[in-house]
Amino acid sequence: QVQLVESGGGLVQPGGSLTLSCATSGSIFSSYDMAWYRQAPGKQRESVASISSGYWINYADSVKGRFAISRDNSKNTVYLQMNSLKPEDTAVYYCNAARSITTYWGQGTQVTVSS
């Protein structure tokens, strides 16, 4: 069993920055592929960024060049650095951990980009 706890969301002005954190516990963090997803009101949940256990990284086209995902296996934590935020980045951001056919989700953290 893996527990995921996101933090770092909030209200930020357009062009601003936020860093999300996802702390995990309960299993071997380094063996999991980690990802951030988001879900805006009325829309489906979408993948934002992912980092595999081998540090292979992928980004959604909409966030390339603005967001950066990283992981610290010594702290069992994955991060999402978000820069140049836009109103369309407003969503609930979820952390995901996956290994083989098993997947876990955090409870989500709200990010609101508004002036």
# chains A, B, ... in the order shown; residues from 1 in each chain; ligands from 1

$ residues_around --residues "Gly16 of chain A" --least-positions-apart "4" --cutoff "10 Å" --atoms "only C-alpha atoms" --output "JSON, numbers by chain"
{"A": [11, 12, 82, 83, 84, 85, 86, 113, 114]}

$ select_by_dssp --residues "segment 24-76 of chain A" --states "strand (DSSP E or B)" --output "ChimeraX atom specification"
/A:24-25,33-39,46-51,57-59,67-72

$ write_last_selection --atoms "C-alpha atoms" --output "PDB file, in the first residue's frame"
ATOM      1  CA  THR A  24       4.786   9.085  -0.275  1.00  0.00           C
ATOM      2  CA  SER A  25       4.936   6.373   2.328  1.00  0.00           C
ATOM      3  CA  ASP A  33       6.883   5.527 -11.809  1.00  0.00           C
ATOM      4  CA  MET A  34       5.505   8.873 -10.638  1.00  0.00           C
ATOM      5  CA  ALA A  35       3.283  11.352 -12.412  1.00  0.00           C
ATOM      6  CA  TRP A  36       1.231  14.493 -11.991  1.00  0.00           C
ATOM      7  CA  TYR A  37      -2.260  14.751 -13.447  1.00  0.00           C
ATOM      8  CA  ARG A  38      -4.768  17.580 -13.357  1.00  0.00           C
ATOM      9  CA  GLN A  39      -8.495  17.941 -13.718  1.00  0.00           C
ATOM     10  CA  GLU A  46      -5.156  14.653 -18.003  1.00  0.00           C
ATOM     11  CA  SER A  47      -1.519  13.780 -17.621  1.00  0.00           C
ATOM     12  CA  VAL A  48       0.762  16.745 -16.986  1.00  0.00           C
ATOM     13  CA  ALA A  49       4.191  15.220 -16.385  1.00  0.00           C
ATOM     14  CA  SER A  50       5.741  11.896 -15.507  1.00  0.00           C
ATOM     15  CA  ILE A  51       9.068  10.581 -14.272  1.00  0.00           C
ATOM     16  CA  ILE A  57      10.623  12.259 -18.120  1.00  0.00           C
ATOM     17  CA  ASN A  58       7.649  13.237 -20.247  1.00  0.00           C
ATOM     18  CA  TYR A  59       5.522  16.375 -20.380  1.00  0.00           C
ATOM     19  CA  PHE A  67       6.827  22.898 -15.803  1.00  0.00           C
ATOM     20  CA  ALA A  68       9.551  20.636 -14.436  1.00  0.00           C
ATOM     21  CA  ILE A  69       9.052  17.322 -12.669  1.00  0.00           C
ATOM     22  CA  SER A  70      11.670  15.856 -10.361  1.00  0.00           C
ATOM     23  CA  ARG A  71      11.966  13.204  -7.701  1.00  0.00           C
ATOM     24  CA  ASP A  72      14.071  12.771  -4.576  1.00  0.00           C
TER      25      ASP A  72
END

$ atom_distance --atom1 "atom CA of Thr112 of chain A" --atom2 "atom CA of Gln44 of chain A"
17.1 Å

$ closest_residue --among "A:Ser115, A:Ser53, A:Thr77, A:Thr90" --to "Ser31 of chain A" --atoms "only C-alpha atoms"
A:Ser53

$ residues_around --residues "Ala23 of chain A" --least-positions-apart "2" --cutoff "8 Å" --atoms "only C-alpha atoms" --output "list of chain:residue names"
A:Leu4, A:Val5, A:Glu6, A:Ser21, A:Ser25, A:Lys75, A:Asn76, A:Thr77, A:Val78

$ closest_residue --among "A:Gln3, A:Gln107, A:Gln13, A:Ser52" --to "Pro87 of chain A" --atoms "only C-alpha atoms"
A:Gln13

$ closest_residue --among "A:Trp56, A:Gly42, A:Phe29, A:Asn73" --to "Ala97 of chain A" --atoms "only C-alpha atoms"
A:Phe29
